[in-house]
Each structure stands twice: as C-alpha cells, then as structure tokens.
Amino acid sequence: MKDVYVITGGTGGMGKATARLVGKKGTVLLADISEERLAETKEELADKGITDVHCLTVDITSPEQVEALVQKTASLGDFKALIHTAGLSATMADSKRITEVNLVGTGQLLDGFLPIAAKGSTAVCISSMSGHMVPKEGPYTELLKKPLLPDVVEKLERFTQGDSGAAYSLSKLGVILLVEDQAWDWGQKGARIVSLSPGTINTPMGRQEASKQPQMELMLKRTPLGREGEPAEMASVIEFLVSNKASYITGTDILVDGGTVANMPNHS
C-alpha cells in the first residue's frame, strides 16, 4: 500500500510547494474548493514529474465533504499525513466565515481523520504568527478547543466583535490550542499532530494581505531576517514534520517567521 499525503488548500502557494516534496514519497491527494484550480495544479505538478496526484473538491466546513475526503484517502492507501494549509486570511471574508473555515473546518478535519490515523500518521495544521499575538489564556481559550460545538462561531463573535483581523488571530490561536489538546488522542494511535505558524510569506494570499494591511509592512521591518519567507521554506519544514525524522515531535507549534514574533515589542 502506498503512503497517502492529503493536502488541503492544495492549490495555494504552500500547498503546491509541499506537494512537490511529498509527491516524491507517495500518493498526493489535493483538496480545495475550486475544481478548476485543482485541475491546473495537477497539471503543474505533472510538469514537475509529480504524477501520482488525485484531486477532490472539498469545502472543509461541510462535515459530509470532509467525510468524503477521509473515505477517498482510505481508498488510495495508508494515511501518512494530513497537511492542512486551507484557510482564510483577514481580508478574505467576514469574521464569522473566518472563524468557521479556520477553526471549525480544522476541528472537522481532525475529527474526520483521527479514526484512520495509525502508527506513523501525522497531521500538520497551518496556524500563523498571528496566533502568537493573542494571549493564550483568556475567556475564549476553552471555547477555541471545542470548535465542533454548535454555537461556537456565535460565541466567539463576542470576542471578535465582528472584526476580521481579530477573528483571524483568534482562529489561528485556536489551531495551536487544538493541536496541543488533541496530541493525546493522536498519540494513542501512534500518530502525531503539530501546528506550523508561518510569518509573512511570499504567496498570492500573503501579497493580498500586505497590499491591504499597512501593519504587514511594519511586521516585515521588525523581522530579523529582513525579508518574507518563501513557500518552499515552509514546505521543507512540513516535509520534515511528516517524516520519521520528526518522530518525537507532537502536540506543539513550530514558529517559522524569520524571527518576527521574537522581535515584537510586547513579546515577553
């Protein structure tokens, strides 16, 4: 049986860069909301010699579609890794939709894939350095760990007050907390779960954010390495995390931000 690497947001900059690396090791299953972009990405990967690629159109906020993704994964081989890069940035939607996709969607994916996880399986969930800019302990902490509660989006609106930026930061803190909280359950199956928090990355989504949010430029000025990260740099960390070389890393977040968070004024 072949190892299967599932990549949500598979048509994005980070998803494609990761597919180019893990596609050399096994079967790639790309999941994204756009059928057209999936077909284009499959062609791009084929041009790079990555040919064992399957695609599925998935809205991660739909439990039925997530279940279809899990079933498709199981039909292709052994579940090796879920690489969850799908998400909405602060300028892409309103606060409720951002919470729904980034937090509830992540909760549904983890809930769906846990039953097929086995020894050697890994989930890597993409968070963000923004998740490190919200106090970890707050009145929202326990709520963020329970994204499948029926009214979780409404309850979190009390804290975001309809602000998309606040919803983004809270939802990405939620990803970090979920990974910590679920490490035990995944560990019982011999599986691992980690989050990765990128800084400012040179992707279409990253460029869209930078053009609409002046504070992004300020963050870049505060980045010790003095530049944006590249999708390939994120992909190389993901490739490591899903490999056996990272076999004792679980329940934690890996911050890959060029030092931005360490250099923020209120960072303690």
# chains A, B, ... in the order shown; residues from 1 in each chain; ligands from 1
call {"tool": "residues_around", "arguments": {"residues": "Gly15 (chain A)", "least_positions_apart": "2", "cutoff": "12 Å", "atoms": "only C-alpha atoms", "output": "VMD selection string"}}
result
chain A and resid 5 to 13 17 to 23 28 to 32 38 41 to 42 45 82 to 87 124 to 126 203 231 to 236 238 to 239
call {"tool": "closest_atom_pairs", "arguments": {"of": "region 24-101 of chain A", "to": "region 153-157 of chain A", "cutoff": "9 Å", "atoms": "only C-alpha atoms", "output": "tab-separated table"}}
result
residue	atom	partner	partner_atom	distance
A:Ser95	CA	A:Glu157	CA	7.6
A:Lys96	CA	A:Val153	CA	6.2
A:Arg97	CA	A:Val153	CA	8.5
A:Thr99	CA	A:Val153	CA	6.3
A:Glu100	CA	A:Val153	CA	6.4
call {"tool": "residues_around", "arguments": {"residues": "region 179-190 of chain A", "least_positions_apart": "3", "cutoff": "9 Å", "atoms": "only C-alpha atoms", "output": "PyMOL selection string"}}
result
chain A and resi 110+114-115+117-125+145+174-176+193-195+250-253
call {"tool": "select_by_dssp", "arguments": {"residues": "region 109-172 of chain A", "states": "helix (DSSP H, G or I)", "output": "NGL selection string"}}
result
:A and (109-116 or 129-133 or 141-144 or 152-160 or 164-172)
call {"tool": "write_last_selection", "arguments": {"atoms": "N, CA and C atoms", "output": "JSON list (two decimals), in the first residue's frame"}}
result
[["chain", "number", "residue", "atom", "x", "y", "z"],
["A", 109, "LEU", "N", -11.78, 18.48, 10.22],
["A", 109, "LEU", "CA", -10.75, 17.65, 9.58],
["A", 109, "LEU", "C", -10.08, 16.72, 10.60],
["A", 110, "LEU", "N", -9.72, 17.26, 11.74],
["A", 110, "LEU", "CA", -9.04, 16.44, 12.75],
["A", 110, "LEU", "C", -9.98, 15.35, 13.27],
["A", 111, "ASP", "N", -11.23, 15.71, 13.45],
["A", 111, "ASP", "CA", -12.23, 14.75, 13.91],
["A", 111, "ASP", "C", -12.43, 13.64, 12.86],
["A", 112, "GLY", "N", -12.40, 14.04, 11.58],
["A", 112, "GLY", "CA", -12.62, 13.07, 10.49],
["A", 112, "GLY", "C", -11.44, 12.13, 10.29],
["A", 113, "PHE", "N", -10.22, 12.67, 10.41],
["A", 113, "PHE", "CA", -9.03, 11.86, 10.09],
["A", 113, "PHE", "C", -8.53, 11.02, 11.26],
["A", 114, "LEU", "N", -8.87, 11.39, 12.49],
["A", 114, "LEU", "CA", -8.39, 10.61, 13.64],
["A", 114, "LEU", "C", -8.72, 9.11, 13.54],
["A", 115, "PRO", "N", -9.96, 8.75, 13.13],
["A", 115, "PRO", "CA", -10.28, 7.32, 13.06],
["A", 115, "PRO", "C", -9.38, 6.52, 12.11],
["A", 116, "ILE", "N", -8.82, 7.16, 11.06],
["A", 116, "ILE", "CA", -7.96, 6.38, 10.14],
["A", 116, "ILE", "C", -6.47, 6.59, 10.43],
["A", 129, "MET", "N", 1.74, 33.24, 12.66],
["A", 129, "MET", "CA", 2.37, 34.01, 13.74],
["A", 129, "MET", "C", 1.32, 34.89, 14.44],
["A", 130, "SER", "N", 0.21, 35.21, 13.75],
["A", 130, "SER", "CA", -0.87, 36.00, 14.37],
["A", 130, "SER", "C", -1.44, 35.30, 15.59],
["A", 131, "GLY", "N", -1.41, 33.97, 15.56],
["A", 131, "GLY", "CA", -1.89, 33.20, 16.71],
["A", 131, "GLY", "C", -1.03, 33.39, 17.95],
["A", 132, "HIS", "N", 0.19, 33.87, 17.75],
["A", 132, "HIS", "CA", 1.10, 34.12, 18.87],
["A", 132, "HIS", "C", 0.95, 35.54, 19.40],
["A", 133, "MET", "N", 0.09, 36.32, 18.77],
["A", 133, "MET", "CA", -0.06, 37.72, 19.16],
["A", 133, "MET", "C", -1.34, 37.95, 19.97],
["A", 141, "THR", "N", -10.35, 30.70, 25.65],
["A", 141, "THR", "CA", -9.43, 29.56, 25.47],
["A", 141, "THR", "C", -10.15, 28.22, 25.37],
["A", 142, "GLU", "N", -11.03, 27.94, 26.33],
["A", 142, "GLU", "CA", -11.71, 26.63, 26.33],
["A", 142, "GLU", "C", -12.63, 26.49, 25.13],
["A", 143, "LEU", "N", -13.21, 27.61, 24.71],
["A", 143, "LEU", "CA", -14.10, 27.62, 23.54],
["A", 143, "LEU", "C", -13.33, 27.26, 22.26],
["A", 144, "LEU", "N", -12.13, 27.79, 22.13],
["A", 144, "LEU", "CA", -11.31, 27.52, 20.95],
["A", 144, "LEU", "C", -10.94, 26.04, 20.83],
["A", 152, "VAL", "N", -20.43, 27.67, 18.42],
["A", 152, "VAL", "CA", -19.09, 28.19, 18.70],
["A", 152, "VAL", "C", -18.80, 29.48, 17.94],
["A", 153, "VAL", "N", -19.26, 29.58, 16.70],
["A", 153, "VAL", "CA", -19.00, 30.79, 15.89],
["A", 153, "VAL", "C", -19.67, 32.01, 16.53],
["A", 154, "GLU", "N", -20.94, 31.84, 16.95],
["A", 154, "GLU", "CA", -21.67, 32.94, 17.58],
["A", 154, "GLU", "C", -21.00, 33.35, 18.89],
["A", 155, "LYS", "N", -20.58, 32.37, 19.67],
["A", 155, "LYS", "CA", -19.96, 32.68, 20.97],
["A", 155, "LYS", "C", -18.63, 33.42, 20.80],
["A", 156, "LEU", "N", -17.88, 33.05, 19.78],
["A", 156, "LEU", "CA", -16.59, 33.72, 19.56],
["A", 156, "LEU", "C", -16.77, 35.13, 19.02],
["A", 157, "GLU", "N", -17.93, 35.41, 18.41],
["A", 157, "GLU", "CA", -18.22, 36.77, 17.94],
["A", 157, "GLU", "C", -18.20, 37.77, 19.10],
["A", 158, "ARG", "N", -18.49, 37.29, 20.31],
["A", 158, "ARG", "CA", -18.46, 38.18, 21.48],
["A", 158, "ARG", "C", -17.05, 38.75, 21.67],
["A", 159, "PHE", "N", -16.05, 37.97, 21.29],
["A", 159, "PHE", "CA", -14.66, 38.41, 21.48],
["A", 159, "PHE", "C", -14.11, 39.12, 20.24],
["A", 160, "THR", "N", -14.58, 38.72, 19.06],
["A", 160, "THR", "CA", -14.05, 39.34, 17.84],
["A", 160, "THR", "C", -14.78, 40.63, 17.48],
["A", 164, "SER", "N", -12.58, 41.20, 11.42],
["A", 164, "SER", "CA", -11.97, 40.07, 10.68],
["A", 164, "SER", "C", -10.56, 39.77, 11.16],
["A", 165, "GLY", "N", -9.80, 40.82, 11.45],
["A", 165, "GLY", "CA", -8.43, 40.63, 11.93],
["A", 165, "GLY", "C", -8.40, 39.90, 13.27],
["A", 166, "ALA", "N", -9.30, 40.29, 14.16],
["A", 166, "ALA", "CA", -9.40, 39.62, 15.47],
["A", 166, "ALA", "C", -9.82, 38.17, 15.31],
["A", 167, "ALA", "N", -10.77, 37.93, 14.40],
["A", 167, "ALA", "CA", -11.24, 36.56, 14.14],
["A", 167, "ALA", "C", -10.10, 35.70, 13.59],
["A", 168, "TYR", "N", -9.29, 36.29, 12.71],
["A", 168, "TYR", "CA", -8.16, 35.55, 12.14],
["A", 168, "TYR", "C", -7.17, 35.15, 13.24],
["A", 169, "SER", "N", -6.76, 36.12, 14.06],
["A", 169, "SER", "CA", -5.79, 35.84, 15.12],
["A", 169, "SER", "C", -6.33, 34.80, 16.11],
["A", 170, "LEU", "N", -7.59, 34.97, 16.52],
["A", 170, "LEU", "CA", -8.18, 34.02, 17.48],
["A", 170, "LEU", "C", -8.29, 32.63, 16.86],
["A", 171, "SER", "N", -8.72, 32.57, 15.59],
["A", 171, "SER", "CA", -8.89, 31.26, 14.94],
["A", 171, "SER", "C", -7.54, 30.53, 14.82],
["A", 172, "LYS", "N", -6.47, 31.31, 14.58],
["A", 172, "LYS", "CA", -5.15, 30.70, 14.43],
["A", 172, "LYS", "C", -4.57, 30.30, 15.79]]
call {"tool": "closest_residue", "arguments": {"among": "A:Ala81, A:Met264, A:Leu225, A:Leu177", "to": "Leu241 (chain A)", "atoms": "only C-alpha atoms"}}
result
A:Ala81
call {"tool": "closest_residue", "arguments": {"among": "A:Ser128, A:Asn263, A:Ser247, A:Gly229", "to": "Ser89 (chain A)", "atoms": "only C-alpha atoms"}}
result
A:Ser128
call {"tool": "residues_around", "arguments": {"residues": "Thr61 (chain A)", "least_positions_apart": "4", "cutoff": "7 Å", "atoms": "only C-alpha atoms", "output": "PDB file with N, CA, C and O atoms, in the first residue's frame"}}
result
ATOM      1  N   GLU A 100     -15.371  30.155  11.015  1.00  0.00           N
ATOM      2  CA  GLU A 100     -15.961  28.897  10.528  1.00  0.00           C
ATOM      3  C   GLU A 100     -14.940  28.072   9.735  1.00  0.00           C
ATOM      4  O   GLU A 100     -14.789  26.865   9.955  1.00  0.00           O
ATOM      5  N   VAL A 101     -14.207  28.724   8.828  1.00  0.00           N
ATOM      6  CA  VAL A 101     -13.247  27.993   7.993  1.00  0.00           C
ATOM      7  C   VAL A 101     -11.992  27.618   8.788  1.00  0.00           C
ATOM      8  O   VAL A 101     -11.580  26.459   8.824  1.00  0.00           O
ATOM      9  N   VAL A 104     -13.487  25.965  12.846  1.00  0.00           N
ATOM     10  CA  VAL A 104     -14.439  24.840  12.757  1.00  0.00           C
ATOM     11  C   VAL A 104     -13.968  23.846  11.692  1.00  0.00           C
ATOM     12  O   VAL A 104     -13.986  22.627  11.904  1.00  0.00           O
ATOM     13  N   GLY A 105     -13.503  24.366  10.550  1.00  0.00           N
ATOM     14  CA  GLY A 105     -13.006  23.483   9.489  1.00  0.00           C
ATOM     15  C   GLY A 105     -11.850  22.619   9.963  1.00  0.00           C
ATOM     16  O   GLY A 105     -11.800  21.407   9.684  1.00  0.00           O
TER      17      GLY A 105
END
call {"tool": "select_by_dssp", "arguments": {"residues": "region 128-216 of chain A", "states": "strand (DSSP E)", "output": "VMD selection string"}}
result
chain A and resid 192 to 198
call {"tool": "write_last_selection", "arguments": {"atoms": "N, CA, C and O atoms", "output": "PDB file, in the first residue's frame"}}
result
ATOM      1  N   ARG A 192       1.034  11.450  15.284  1.00  0.00           N
ATOM      2  CA  ARG A 192       1.482  12.749  15.791  1.00  0.00           C
ATOM      3  C   ARG A 192       0.641  13.873  15.206  1.00  0.00           C
ATOM      4  O   ARG A 192       0.048  13.720  14.142  1.00  0.00           O
ATOM      5  N   ILE A 193       0.629  15.003  15.923  1.00  0.00           N
ATOM      6  CA  ILE A 193      -0.102  16.174  15.444  1.00  0.00           C
ATOM      7  C   ILE A 193       0.680  17.425  15.847  1.00  0.00           C
ATOM      8  O   ILE A 193       1.075  17.564  17.005  1.00  0.00           O
ATOM      9  N   VAL A 194       0.951  18.287  14.886  1.00  0.00           N
ATOM     10  CA  VAL A 194       1.707  19.514  15.151  1.00  0.00           C
ATOM     11  C   VAL A 194       1.070  20.678  14.389  1.00  0.00           C
ATOM     12  O   VAL A 194       0.327  20.464  13.437  1.00  0.00           O
ATOM     13  N   SER A 195       1.372  21.895  14.835  1.00  0.00           N
ATOM     14  CA  SER A 195       0.982  23.067  14.045  1.00  0.00           C
ATOM     15  C   SER A 195       2.242  23.793  13.607  1.00  0.00           C
ATOM     16  O   SER A 195       3.295  23.671  14.231  1.00  0.00           O
ATOM     17  N   LEU A 196       2.113  24.531  12.520  1.00  0.00           N
ATOM     18  CA  LEU A 196       3.212  25.318  11.990  1.00  0.00           C
ATOM     19  C   LEU A 196       2.695  26.736  11.790  1.00  0.00           C
ATOM     20  O   LEU A 196       1.650  26.939  11.175  1.00  0.00           O
ATOM     21  N   SER A 197       3.407  27.701  12.364  1.00  0.00           N
ATOM     22  CA  SER A 197       2.978  29.095  12.263  1.00  0.00           C
ATOM     23  C   SER A 197       3.923  29.888  11.368  1.00  0.00           C
ATOM     24  O   SER A 197       4.997  30.295  11.796  1.00  0.00           O
ATOM     25  N   PRO A 198       3.523  30.105  10.104  1.00  0.00           N
ATOM     26  CA  PRO A 198       4.355  30.912   9.214  1.00  0.00           C
ATOM     27  C   PRO A 198       4.260  32.401   9.575  1.00  0.00           C
ATOM     28  O   PRO A 198       3.251  32.858  10.126  1.00  0.00           O
TER      29      PRO A 198
END
call {"tool": "closest_residue", "arguments": {"among": "A:Thr223, A:Gly107, A:Thr27, A:Ala262", "to": "Lys72 (chain A)", "atoms": "only C-alpha atoms"}}
result
A:Thr27
call {"tool": "atom_distance", "arguments": {"atom1": "CA of Ile50 (chain A)", "atom2": "CA of Lys24 (chain A)"}}
result
6.8 Å
